[in-house]
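Participant: Got a structure for you, start-v4.txt, holding compact mmCIF, C-alpha atoms and all ligand atoms.
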# COMPACT_ATOMS: atom_id res chain seq x y z
CA MET A 846 16.14 17.14 -5.34
CA ILE A 847 14.19 14.84 -7.65
CA CYS A 848 13.56 11.40 -6.22
CA PRO A 849 13.82 8.94 -9.18
CA MET A 850 11.36 6.50 -7.56
CA GLN A 851 8.70 9.18 -7.19
CA THR A 852 9.24 10.40 -10.76
CA THR A 853 8.78 6.86 -12.07
CA THR A 854 5.66 6.35 -9.97
CA ALA A 855 4.01 9.56 -11.16
CA ASP A 856 4.93 8.77 -14.74
CA PHE A 857 3.53 5.24 -14.42
CA THR A 858 0.33 6.54 -12.84
CA ASP A 859 -0.10 8.87 -15.82
CA TRP A 860 0.58 6.00 -18.21
CA MET A 861 -2.01 3.85 -16.46
CA SER A 862 -4.68 6.59 -16.53
CA THR A 863 -4.05 7.33 -20.19
CA HIS A 864 -4.30 3.67 -21.17
CA GLN A 865 -7.28 2.95 -18.93
CA ALA A 866 -9.05 5.85 -20.67
CA ARG A 867 -7.97 4.50 -24.04
CA VAL A 868 -9.46 1.06 -23.48
CA GLU A 869 -12.60 2.61 -21.98
CA GLN A 870 -13.04 4.65 -25.14
CA THR A 871 -12.55 1.58 -27.33
CA LEU A 872 -15.01 -0.45 -25.24
CA GLU A 873 -17.51 2.42 -25.44
CA GLN A 874 -17.20 2.34 -29.24
CA VAL A 875 -17.45 -1.42 -29.74
CA LEU A 876 -20.35 -2.04 -27.33
CA PRO A 877 -23.75 -1.64 -29.01
CA SER A 878 -25.65 1.48 -27.97
CA ALA A 879 -28.35 0.96 -25.35
CA THR A 880 -30.76 2.63 -27.79
CA ILE A 881 -30.38 -0.24 -30.28
CA ALA A 882 -32.67 -3.28 -29.88
CA PRO A 883 -32.58 -5.39 -27.81
CA THR A 884 -32.15 -2.33 -25.61
CA ARG A 885 -32.28 -4.06 -22.21
CA LEU A 886 -29.57 -6.55 -23.18
CA HIS A 887 -27.37 -3.79 -24.59
CA GLU A 888 -27.93 -1.67 -21.50
CA ALA A 889 -26.90 -4.62 -19.31
CA MET A 890 -23.79 -5.28 -21.44
CA ARG A 891 -22.71 -1.66 -21.08
CA TYR A 892 -23.53 -1.70 -17.35
CA SER A 893 -21.26 -4.74 -16.88
CA VAL A 894 -18.30 -3.50 -18.90
CA LEU A 895 -18.06 0.28 -18.71
CA GLY A 896 -16.91 2.54 -15.91
CA GLY A 897 -15.34 -0.01 -13.60
CA GLY A 898 -12.45 -2.32 -12.98
CA LYS A 899 -8.74 -1.75 -12.79
CA ARG A 900 -8.27 -2.83 -16.43
CA VAL A 901 -5.16 -4.82 -15.47
CA ARG A 902 -5.51 -7.16 -18.45
CA ALA A 903 -5.86 -4.24 -20.86
CA LEU A 904 -2.83 -2.54 -19.31
CA LEU A 905 -0.81 -5.75 -19.73
CA ALA A 906 -1.81 -5.88 -23.40
CA PHE A 907 -0.76 -2.24 -23.89
CA ALA A 908 2.53 -2.81 -22.06
CA ALA A 909 3.33 -5.94 -24.08
CA GLY A 910 2.34 -4.04 -27.21
CA GLU A 911 4.91 -1.37 -26.30
CA ALA A 912 7.56 -4.07 -25.83
CA ALA A 913 6.73 -5.33 -29.32
CA ALA A 914 6.52 -1.86 -30.93
CA ALA A 915 2.84 -2.38 -31.76
CA PRO A 916 0.61 0.43 -33.04
CA ILE A 917 -1.57 1.65 -30.17
CA ASP A 918 -4.83 1.57 -32.17
CA ALA A 919 -4.44 -2.16 -32.77
CA THR A 920 -3.37 -2.87 -29.19
CA ALA A 921 -6.41 -0.98 -27.89
CA VAL A 922 -8.70 -3.34 -29.80
CA ALA A 923 -6.84 -6.40 -28.47
CA ALA A 924 -6.99 -4.94 -24.95
CA ALA A 925 -10.74 -4.33 -25.31
CA ALA A 926 -11.33 -7.91 -26.52
CA VAL A 927 -9.61 -9.29 -23.41
CA GLU A 928 -11.62 -6.97 -21.14
CA LEU A 929 -14.85 -8.15 -22.81
CA ILE A 930 -13.97 -11.77 -22.02
CA HIS A 931 -13.02 -10.77 -18.47
CA ALA A 932 -16.31 -8.89 -17.96
CA TYR A 933 -18.26 -11.89 -19.26
CA SER A 934 -16.45 -14.16 -16.79
CA LEU A 935 -17.30 -11.85 -13.88
CA VAL A 936 -20.98 -11.61 -14.85
CA HIS A 937 -21.29 -15.41 -15.05
CA ASP A 938 -19.15 -15.98 -11.95
CA ASP A 939 -21.51 -13.76 -9.92
CA LEU A 940 -24.64 -15.74 -10.93
CA PRO A 941 -26.49 -17.70 -8.23
CA CYS A 942 -25.45 -21.00 -9.88
CA MET A 943 -21.77 -20.04 -9.41
CA ASP A 944 -20.47 -17.66 -6.72
CA ASP A 945 -23.86 -16.04 -6.09
CA ASP A 946 -22.61 -12.53 -5.41
CA THR A 947 -24.49 -9.25 -5.24
CA LEU A 948 -21.67 -6.70 -5.46
CA ARG A 949 -19.16 -6.21 -8.27
CA ARG A 950 -17.04 -3.16 -9.04
CA GLY A 951 -18.84 -1.29 -6.29
CA LYS A 952 -22.33 -1.76 -7.73
CA PRO A 953 -25.01 -4.48 -7.83
CA THR A 954 -24.02 -7.47 -9.94
CA CYS A 955 -25.58 -7.77 -13.38
CA HIS A 956 -28.21 -10.37 -12.41
CA VAL A 957 -29.24 -8.22 -9.42
CA ALA A 958 -29.47 -4.99 -11.42
CA PHE A 959 -31.22 -6.77 -14.33
CA ASP A 960 -32.17 -10.46 -13.99
CA GLU A 961 -30.53 -13.87 -14.27
CA ALA A 962 -31.56 -14.59 -17.85
CA THR A 963 -30.25 -11.21 -18.95
CA ALA A 964 -26.96 -11.79 -17.10
CA LEU A 965 -26.55 -15.11 -18.87
CA LEU A 966 -27.12 -13.45 -22.23
CA VAL A 967 -24.77 -10.58 -21.32
CA GLY A 968 -21.95 -13.08 -20.77
CA ASP A 969 -22.73 -14.92 -24.00
CA SER A 970 -22.91 -11.67 -25.99
CA LEU A 971 -19.72 -10.20 -24.51
CA GLN A 972 -17.82 -13.35 -25.38
CA SER A 973 -19.05 -13.23 -29.00
CA LEU A 974 -18.31 -9.52 -29.23
CA ALA A 975 -14.71 -10.12 -28.13
CA PHE A 976 -14.08 -12.36 -31.12
CA GLN A 977 -16.01 -10.06 -33.45
CA VAL A 978 -13.81 -7.07 -32.58
CA LEU A 979 -10.66 -9.16 -32.87
CA SER A 980 -11.58 -10.23 -36.39
CA GLU A 981 -13.19 -7.09 -37.84
CA ARG A 982 -10.04 -5.28 -38.96
CA ALA A 983 -6.33 -5.85 -39.41
CA LEU A 984 -4.59 -5.79 -36.03
CA ALA A 985 -1.40 -7.76 -36.62
CA PRO A 986 1.37 -7.34 -39.19
CA ASP A 987 0.11 -10.38 -41.11
CA PRO A 988 -3.11 -12.43 -41.28
CA ALA A 989 -1.50 -15.58 -39.83
CA GLN A 990 -0.48 -13.63 -36.74
CA GLN A 991 -4.01 -12.26 -36.36
CA LEU A 992 -5.43 -15.78 -36.71
CA ALA A 993 -3.06 -16.78 -33.91
CA MET A 994 -4.53 -13.99 -31.77
CA LEU A 995 -8.02 -15.47 -32.18
CA ARG A 996 -6.70 -18.91 -31.30
CA ILE A 997 -4.84 -17.61 -28.22
CA LEU A 998 -7.94 -15.87 -26.86
CA ALA A 999 -10.25 -18.81 -27.63
CA ALA A 1000 -7.91 -21.26 -25.91
CA ALA A 1001 -7.48 -18.98 -22.89
CA ALA A 1002 -11.23 -18.55 -22.43
CA GLY A 1003 -12.31 -22.12 -23.07
CA SER A 1004 -12.47 -25.44 -21.25
CA ARG A 1005 -8.69 -25.79 -21.25
CA GLY A 1006 -8.31 -22.28 -19.92
CA MET A 1007 -10.55 -19.99 -17.85
CA ALA A 1008 -13.83 -21.94 -18.10
CA GLY A 1009 -11.97 -25.16 -17.25
CA GLY A 1010 -10.35 -23.46 -14.27
CA GLN A 1011 -13.77 -22.29 -13.13
CA ALA A 1012 -15.07 -25.88 -13.38
CA ILE A 1013 -12.19 -27.07 -11.18
CA ASP A 1014 -12.89 -24.22 -8.77
CA LEU A 1015 -16.55 -25.20 -8.44
CA ALA A 1016 -15.65 -28.86 -7.98
CA SER A 1017 -13.04 -28.07 -5.33
CA THR A 1018 -15.33 -26.02 -3.07
CA GLY A 1019 -15.30 -27.58 0.40
CA THR A 1020 -12.31 -29.79 -0.38
CA ASP A 1021 -8.63 -29.53 0.54
CA LEU A 1022 -6.29 -28.89 -2.38
CA THR A 1023 -2.56 -29.38 -2.39
CA LEU A 1024 -0.43 -26.44 -3.47
CA PRO A 1025 0.21 -27.94 -6.96
CA GLU A 1026 -3.55 -28.55 -7.39
CA LEU A 1027 -4.31 -24.98 -6.35
CA GLU A 1028 -1.68 -23.69 -8.77
CA TYR A 1029 -3.12 -25.82 -11.59
CA MET A 1030 -6.59 -24.39 -10.94
CA HIS A 1031 -5.41 -20.78 -10.95
CA ILE A 1032 -3.10 -21.12 -13.94
CA HIS A 1033 -6.32 -21.90 -15.80
CA LYS A 1034 -9.01 -19.84 -14.06
CA THR A 1035 -7.19 -16.51 -13.72
CA GLY A 1036 -3.77 -17.03 -15.27
CA ALA A 1037 -4.83 -18.08 -18.76
CA LEU A 1038 -6.55 -14.79 -19.60
CA ILE A 1039 -3.77 -12.68 -18.10
CA ARG A 1040 -1.24 -14.61 -20.14
CA ALA A 1041 -3.41 -14.18 -23.24
CA ALA A 1042 -3.61 -10.41 -22.63
CA VAL A 1043 0.19 -10.22 -22.76
CA MET A 1044 0.45 -12.40 -25.86
CA LEU A 1045 -2.31 -10.54 -27.72
CA GLY A 1046 -0.70 -7.15 -27.08
CA ALA A 1047 2.64 -8.49 -28.30
CA ALA A 1048 1.06 -10.10 -31.37
CA CYS A 1049 -0.01 -6.65 -32.62
CA GLY A 1050 3.66 -5.72 -32.98
CA THR A 1051 6.58 -6.65 -35.16
CA ASN A 1052 9.75 -6.59 -33.14
CA LEU A 1053 9.59 -9.76 -31.05
CA ASP A 1054 11.32 -12.90 -32.26
CA PRO A 1055 10.24 -16.37 -31.05
CA ASP A 1056 12.63 -16.10 -28.09
CA GLY A 1057 11.19 -12.74 -27.06
CA THR A 1058 7.68 -14.15 -27.37
CA ALA A 1059 8.64 -17.12 -25.17
CA HIS A 1060 10.06 -14.74 -22.52
CA LEU A 1061 6.81 -12.79 -22.56
CA ASP A 1062 4.75 -15.94 -22.25
CA ARG A 1063 6.80 -16.98 -19.24
CA PHE A 1064 6.30 -13.52 -17.77
CA GLY A 1065 2.53 -13.81 -18.31
CA LYS A 1066 2.42 -17.11 -16.46
CA PHE A 1067 4.15 -15.70 -13.36
CA ALA A 1068 2.23 -12.42 -13.47
CA GLY A 1069 -1.07 -14.33 -13.67
CA LEU A 1070 -0.24 -16.46 -10.65
CA ALA A 1071 1.04 -13.47 -8.69
CA PHE A 1072 -2.25 -11.70 -9.46
CA GLN A 1073 -4.22 -14.61 -7.99
CA VAL A 1074 -2.09 -14.98 -4.85
CA VAL A 1075 -2.60 -11.27 -4.16
CA ASP A 1076 -6.33 -11.62 -4.92
CA ASP A 1077 -6.54 -14.34 -2.25
CA LEU A 1078 -4.63 -12.15 0.22
CA LEU A 1079 -6.88 -9.16 -0.45
CA ASP A 1080 -9.96 -11.30 0.10
CA VAL A 1081 -8.90 -11.69 3.74
CA GLN A 1082 -7.04 -8.41 4.26
CA ALA A 1083 -9.12 -5.74 2.51
CA ASP A 1084 -12.68 -4.59 3.14
CA THR A 1085 -15.71 -4.77 0.87
CA MET A 1086 -15.74 -1.01 0.24
CA THR A 1087 -12.11 -0.97 -0.94
CA LEU A 1088 -12.50 -4.11 -3.07
CA GLY A 1089 -15.85 -3.14 -4.60
CA LYS A 1090 -16.83 -6.79 -4.17
CA THR A 1091 -17.73 -8.87 -1.13
CA ALA A 1092 -14.63 -9.40 1.04
CA GLY A 1093 -14.11 -12.69 2.89
CA LYS A 1094 -16.09 -14.55 0.23
CA ASP A 1095 -13.54 -17.36 -0.22
CA ALA A 1096 -13.61 -18.46 3.41
CA ALA A 1097 -17.40 -18.00 3.60
CA ASN A 1098 -17.77 -20.26 0.57
CA ASN A 1099 -15.26 -22.76 1.96
CA LYS A 1100 -12.99 -22.33 -1.05
CA PRO A 1101 -9.39 -23.48 -1.02
CA THR A 1102 -7.12 -20.46 -1.57
CA TYR A 1103 -3.43 -19.64 -1.22
CA VAL A 1104 -4.25 -18.20 2.19
CA SER A 1105 -6.13 -21.31 3.33
CA VAL A 1106 -3.32 -23.59 2.11
CA LEU A 1107 -0.25 -21.48 2.99
CA GLY A 1108 -1.41 -18.85 5.47
CA VAL A 1109 -0.98 -15.10 5.04
CA GLY A 1110 2.79 -14.88 5.62
CA GLN A 1111 3.77 -17.61 3.17
CA SER A 1112 1.25 -16.36 0.60
CA ARG A 1113 2.84 -12.91 0.75
CA ALA A 1114 6.28 -14.53 0.37
CA LEU A 1115 5.00 -16.52 -2.63
CA ALA A 1116 3.66 -13.34 -4.25
CA GLU A 1117 7.11 -11.82 -3.85
CA GLU A 1118 8.78 -14.92 -5.36
CA LEU A 1119 6.41 -14.83 -8.33
CA ARG A 1120 7.16 -11.12 -8.77
CA GLU A 1121 10.88 -11.96 -8.93
CA GLU A 1122 10.25 -14.74 -11.47
CA ALA A 1123 8.12 -12.41 -13.60
CA LEU A 1124 10.81 -9.70 -13.54
CA THR A 1125 13.53 -12.24 -14.37
CA ALA A 1126 11.53 -13.40 -17.39
CA LEU A 1127 11.47 -9.79 -18.62
CA GLU A 1128 15.23 -9.22 -18.31
CA PRO A 1129 16.13 -10.27 -21.89
CA LEU A 1130 13.54 -7.82 -23.25
CA GLY A 1131 15.46 -4.76 -22.05
CA PRO A 1132 14.05 -1.24 -21.69
CA GLY A 1133 11.07 -1.97 -23.98
CA ALA A 1134 9.53 -4.03 -21.17
CA ARG A 1135 9.56 -1.10 -18.72
CA ARG A 1136 5.78 -0.86 -18.37
CA LEU A 1137 5.50 -4.60 -17.84
CA ARG A 1138 7.97 -4.27 -14.95
CA GLU A 1139 5.97 -1.45 -13.44
CA LEU A 1140 2.75 -3.42 -13.88
CA THR A 1141 4.31 -6.39 -12.09
CA ASP A 1142 4.88 -4.20 -9.06
CA PHE A 1143 1.38 -2.79 -9.35
CA ILE A 1144 -0.12 -6.31 -9.43
CA VAL A 1145 1.82 -7.44 -6.37
CA LEU A 1146 1.52 -4.26 -4.32
CA ARG A 1147 -2.10 -3.32 -5.16
CA THR A 1148 -4.63 -2.75 -2.41
CA HIS A 1149 -7.80 -3.65 -4.39
C1 LIG B 1201 -17.66 -18.01 -15.41
C2 LIG B 1201 -16.36 -19.05 -17.32
C3 LIG B 1201 -16.37 -18.34 -16.05
C4 LIG B 1201 -15.20 -18.02 -15.48
C5 LIG B 1201 -15.08 -17.23 -14.27
C6 LIG B 1201 -12.28 -15.22 -13.63
C7 LIG B 1201 -13.35 -16.05 -13.09
C8 LIG B 1201 -13.66 -17.27 -13.82
C9 LIG B 1201 -14.05 -15.71 -12.00
C10 LIG B 1201 -13.83 -14.49 -11.22
C11 LIG B 1201 -13.81 -14.81 -9.78
C12 LIG B 1201 -12.62 -14.28 -9.12
C13 LIG B 1201 -12.88 -13.27 -8.08
C14 LIG B 1201 -11.42 -14.70 -9.47
C15 LIG B 1201 -10.21 -14.22 -8.83
C16 LIG B 1201 -9.35 -13.36 -9.68
C17 LIG B 1201 -10.12 -12.39 -10.44
C18 LIG B 1201 -10.41 -12.74 -11.84
C19 LIG B 1201 -10.49 -11.25 -9.88
C20 LIG B 1201 -11.21 -10.19 -10.59
O1 LIG B 1201 -10.35 -9.53 -11.46
P1 LIG B 1201 -9.91 -8.02 -11.25
O2 LIG B 1201 -9.47 -7.79 -9.83
O3 LIG B 1201 -11.30 -7.29 -11.48
O4 LIG B 1201 -8.94 -7.65 -12.32
P2 LIG B 1201 -11.59 -5.84 -12.07
O5 LIG B 1201 -12.98 -5.54 -11.56
O6 LIG B 1201 -10.56 -4.88 -11.55
O7 LIG B 1201 -11.56 -5.96 -13.55
Show me the file's structure as C-alpha cells.
Facilitator:
Amino acid sequence: MICPMQTTTADFTDWMSTHQARVEQTLEQVLPSATIAPTRLHEAMRYSVLGGGKRVRALLAFAAGEAAAAPIDATAVAAAAVELIHAYSLVHDDLPCMDDDTLRRGKPTCHVAFDEATALLVGDSLQSLAFQVLSERALAPDPAQQLAMLRILAAAAGSRGMAGGQAIDLASTGTDLTLPELEYMHIHKTGALIRAAVMLGAACGTNLDPDGTAHLDRFGKFAGLAFQVVDDLLDVQADTMTLGKTAGKDAANNKPTYVSVLGVGQSRALAEELREEALTALEPLGPGARRLRELTDFIVLRTH
C-alpha cells in the first residue's frame, strides 16, 4: 500500500535536491572564477557561498516562482541573488566585531580561513554582485516589475531591513527584550530577507494579482518569524556538529532569544502557531502553493 505522506515527502525531497542543485549551479556561474584577479578575494567569495547551506531562501524563491508560474531560469537568478545577500550577512555576522564566530556551514568562517579585511571585502562584493545579477538580464515580465525586484531586495537588506535588525541585535546584547521587541528585531534581521526571497520569486512570474501577492507577503512574514523561532530552539537543542555552526552561542553571548524570553515549550508552541498562520495565508493560492506549504513544514520541523 502506498502511504500518501511518504510519497509526498520523497517527492518534496527530490524537489529540494533538484532546486538546491539549480541554485548552486547558478551561483557557480555568477561568482567570478578564483583564477581571475583579485584571485584571493574571488577565492574567498566562492569559499563563502558555494557548497554549503540549506538554501532555504532560494527554495522559497523557487516555490513562490512556481506559485506565480515563473520561468525557472529567471527564478534561479532571483534565488541566487538572495543567497548572495544571505552569504554576505553570514560572513559579516561572523566577524570579530559582530558575533565573532569561527565555524560556519561546518568549516572555518571566512575571516578565519582568509583574514578579516578579506572577509569584509567578501561581504561588500557579494552584496554588489547580488544587485548586478538581478539587473543584468530580463527576469520579470516587464521592466517595472524587475525594478520592483531591485527595490524589494535593497529594502530587505538595508538599514530598515536586515542590517537594521542586526544593529538592534547588537544593541540588545545583554539586555532583556519584551516579546514584541524581540519580534520587531527578528522581522528585520532574519524575516526581511526571507520575505524578500518569496516576493522576488513571485515577481518573476505573471499569474499573481495584487491580492495573491499580498497573501504571499503575509506568508513570507510568518515563515520568516517561524524560521527564527526554530533557529533559537536549535541553538539550545542541537549540537555544533549537526548545526555546522557553534551551538549555544546565543546564551554564551547573553543574547535575548525566543527561548530566553519564552522558554523551550512556549517557543515550540509559537513556532507551531506561526506555521499555522503561514499555511492559512497560503490557502487562497490553491494547489500552486504546494511547495510553499511543504517548505513551511520543513522550516518548522528542521533539525539544523
Ligand atoms: C551583518 C548586515 C549583517 C546582517 C547579519 C542574518 C544575520 C544578520 C546574521 C546571521 C546570524 C544568525 C545566526 C541569525 C539567525 C538566523 C539565521 C540567518 C541563520 C542562518 O541561516 P540558515 O540557517 O543558514 O538558513 P544556511 O547556512 O543554511 O544558509
Participant: Quick one: contact table of chain A to ligand LIG 1201 (chain B), 7 Å max, nearest atom pair and distance in Å to one decimal per residue, counting all atoms listed in the file, chain and number order, as a tab-separated table?
Facilitator:
residue	atom	partner	partner_atom	distance
A:Gly897	CA	B:LIG1201	O5	6.3
A:Gly898	CA	B:LIG1201	O6	3.5
A:Lys899	CA	B:LIG1201	O6	3.8
A:Arg900	CA	B:LIG1201	O7	5.4
A:Val901	CA	B:LIG1201	O4	5.7
A:His931	CA	B:LIG1201	C6	6.6
A:Ser934	CA	B:LIG1201	C5	4.2
A:Leu935	CA	B:LIG1201	C10	5.1
A:His937	CA	B:LIG1201	C1	4.5
A:Asp938	CA	B:LIG1201	C1	4.3
A:Arg950	CA	B:LIG1201	O5	5.3
A:Met1007	CA	B:LIG1201	C4	5.6
A:Ala1008	CA	B:LIG1201	C2	3.9
A:Gln1011	CA	B:LIG1201	C8	5.1
A:Lys1034	CA	B:LIG1201	C8	5.3
A:Thr1035	CA	B:LIG1201	C6	5.3
A:Gln1073	CA	B:LIG1201	C16	5.5
A:Asp1076	CA	B:LIG1201	C16	5.9
Participant: CA of Leu1140 (chain A) and CA of Asp1054 (chain A), how far apart in Å?
Facilitator: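 Separation of CA of Asp1054 (chain A) and CA of Leu1140 (chain A): 22.4 Å.
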Participant: How close does each residue of region 1023-1136 of chain A get to region 991-994 of chain A, giving the shortest atom pair and distance in Å to one decimal for every residue with an atom at most 10 Å away, counting all atoms listed in the file, sorted by chain and residue number, as a Markdown table?
Facilitator:
| residue | atom | partner | partner_atom | distance |
| --- | --- | --- | --- | --- |
| A:Ala1041 | CA | A:Met994 | CA | 8.6 |
| A:Ala1042 | CA | A:Met994 | CA | 9.9 |
| A:Met1044 | CA | A:Met994 | CA | 7.9 |
| A:Leu1045 | CA | A:Met994 | CA | 5.8 |
| A:Gly1046 | CA | A:Met994 | CA | 9.1 |
| A:Ala1047 | CA | A:Met994 | CA | 9.7 |
| A:Ala1048 | CA | A:Met994 | CA | 6.8 |
| A:Cys1049 | CA | A:Gln991 | CA | 7.8 |
Participant: Choose the residue, out of A:His1149, A:Val894, A:Glu911, A:Leu1027, that has the smallest atom-to-atom separation from Thr1091 (chain A); count all atoms listed in the file.
Facilitator: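 Under the stated criterion, the closest residue is A:His1149.
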Participant: Smallest atom-to-atom distance to Ile997 (chain A): which of A:Val1145, A:Val936, A:Val927, A:Leu904, using all atoms listed in the file?
Facilitator: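 Closest candidate: A:Val927.
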Participant: How far is it from CA of Ala1114 (chain A) to CA of Ala1071 (chain A), in Å with one decimal?
Facilitator: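 Separation of CA of Ala1114 (chain A) and CA of Ala1071 (chain A): 10.5 Å.
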Participant: Just give me the gap between CA of Asp945 (chain A) and CA of Leu895 (chain A) in Å, one decimal is fine.
Facilitator: 21.4 Å
Participant: Residues around (-20.3, -20.1, -8.4), cut-off 12 Å, counting only C-alpha atoms - what are they as an MDAnalysis selection string?
Facilitator: chainID A and resid 934:946 1008 1011:1018 1094:1095 1098:1100
Participant: Those same residues - C-alpha atoms - I'd like them written as a PDB file, in the frame of the given file.
Facilitator:
ATOM      1  CA  SER A 934     -16.450 -14.160 -16.790  1.00  0.00           C
ATOM      2  CA  LEU A 935     -17.300 -11.850 -13.880  1.00  0.00           C
ATOM      3  CA  VAL A 936     -20.980 -11.610 -14.850  1.00  0.00           C
ATOM      4  CA  HIS A 937     -21.290 -15.410 -15.050  1.00  0.00           C
ATOM      5  CA  ASP A 938     -19.150 -15.980 -11.950  1.00  0.00           C
ATOM      6  CA  ASP A 939     -21.510 -13.760  -9.920  1.00  0.00           C
ATOM      7  CA  LEU A 940     -24.640 -15.740 -10.930  1.00  0.00           C
ATOM      8  CA  PRO A 941     -26.490 -17.700  -8.230  1.00  0.00           C
ATOM      9  CA  CYS A 942     -25.450 -21.000  -9.880  1.00  0.00           C
ATOM     10  CA  MET A 943     -21.770 -20.040  -9.410  1.00  0.00           C
ATOM     11  CA  ASP A 944     -20.470 -17.660  -6.720  1.00  0.00           C
ATOM     12  CA  ASP A 945     -23.860 -16.040  -6.090  1.00  0.00           C
ATOM     13  CA  ASP A 946     -22.610 -12.530  -5.410  1.00  0.00           C
ATOM     14  CA  ALA A1008     -13.830 -21.940 -18.100  1.00  0.00           C
ATOM     15  CA  GLN A1011     -13.770 -22.290 -13.130  1.00  0.00           C
ATOM     16  CA  ALA A1012     -15.070 -25.880 -13.380  1.00  0.00           C
ATOM     17  CA  ILE A1013     -12.190 -27.070 -11.180  1.00  0.00           C
ATOM     18  CA  ASP A1014     -12.890 -24.220  -8.770  1.00  0.00           C
ATOM     19  CA  LEU A1015     -16.550 -25.200  -8.440  1.00  0.00           C
ATOM     20  CA  ALA A1016     -15.650 -28.860  -7.980  1.00  0.00           C
ATOM     21  CA  SER A1017     -13.040 -28.070  -5.330  1.00  0.00           C
ATOM     22  CA  THR A1018     -15.330 -26.020  -3.070  1.00  0.00           C
ATOM     23  CA  LYS A1094     -16.090 -14.550   0.230  1.00  0.00           C
ATOM     24  CA  ASP A1095     -13.540 -17.360  -0.220  1.00  0.00           C
ATOM     25  CA  ASN A1098     -17.770 -20.260   0.570  1.00  0.00           C
ATOM     26  CA  ASN A1099     -15.260 -22.760   1.960  1.00  0.00           C
ATOM     27  CA  LYS A1100     -12.990 -22.330  -1.050  1.00  0.00           C
TER      28      LYS A1100
END
Participant: Considering all atoms listed in the file, can you say which of A:Pro986, A:Gly1089, A:Gly1065, A:Gly1003 comes closest to Leu1137 (chain A)?
Facilitator: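 Nearest candidate to Leu1137 (chain A) out of A:Pro986, A:Gly1089, A:Gly1065, A:Gly1003: A:Gly1065.
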Participant: Just want the 6 Å neighbourhood of region 954-970 of chain A, counted on all atoms listed in the file, with same-chain residues fewer than 3 positions away dropped. Output as a count of residues only.
Facilitator: 6
Participant: Using all atoms listed in the file, which residue out of A:Ala1123, A:Ala908, A:Ala985, A:Ala879 lies closest to Phe857 (chain A)?
Facilitator: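 With all atoms listed in the file as the atom set, the closest residue is A:Ala908.
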Participant: Rank nothing, just name the residue among A:Thr1148, A:Ala915, A:Leu1061, A:Thr1102 nearest to Ala1083 (chain A), using only C-alpha atoms.
Facilitator: A:Thr1148
Participant: Using all atoms listed in the file, which of A:Asp1084, A:Glu1118, A:Glu928, A:Glu869 sits nearest Ala1002 (chain A)?
Facilitator: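 Result for the nearest residue to Ala1002 (chain A): A:Glu928.
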Participant: Please identify all polymer residues lying at most 9 Å from the point (3.7, -14.0, -4.4) (file coordinates), using all atoms listed in the file, and present the result as JSON, numbers by chain.
Facilitator: {"A": [1070, 1071, 1072, 1073, 1074, 1075, 1111, 1112, 1113, 1114, 1115, 1116, 1117, 1118, 1119, 1120, 1121, 1145]}
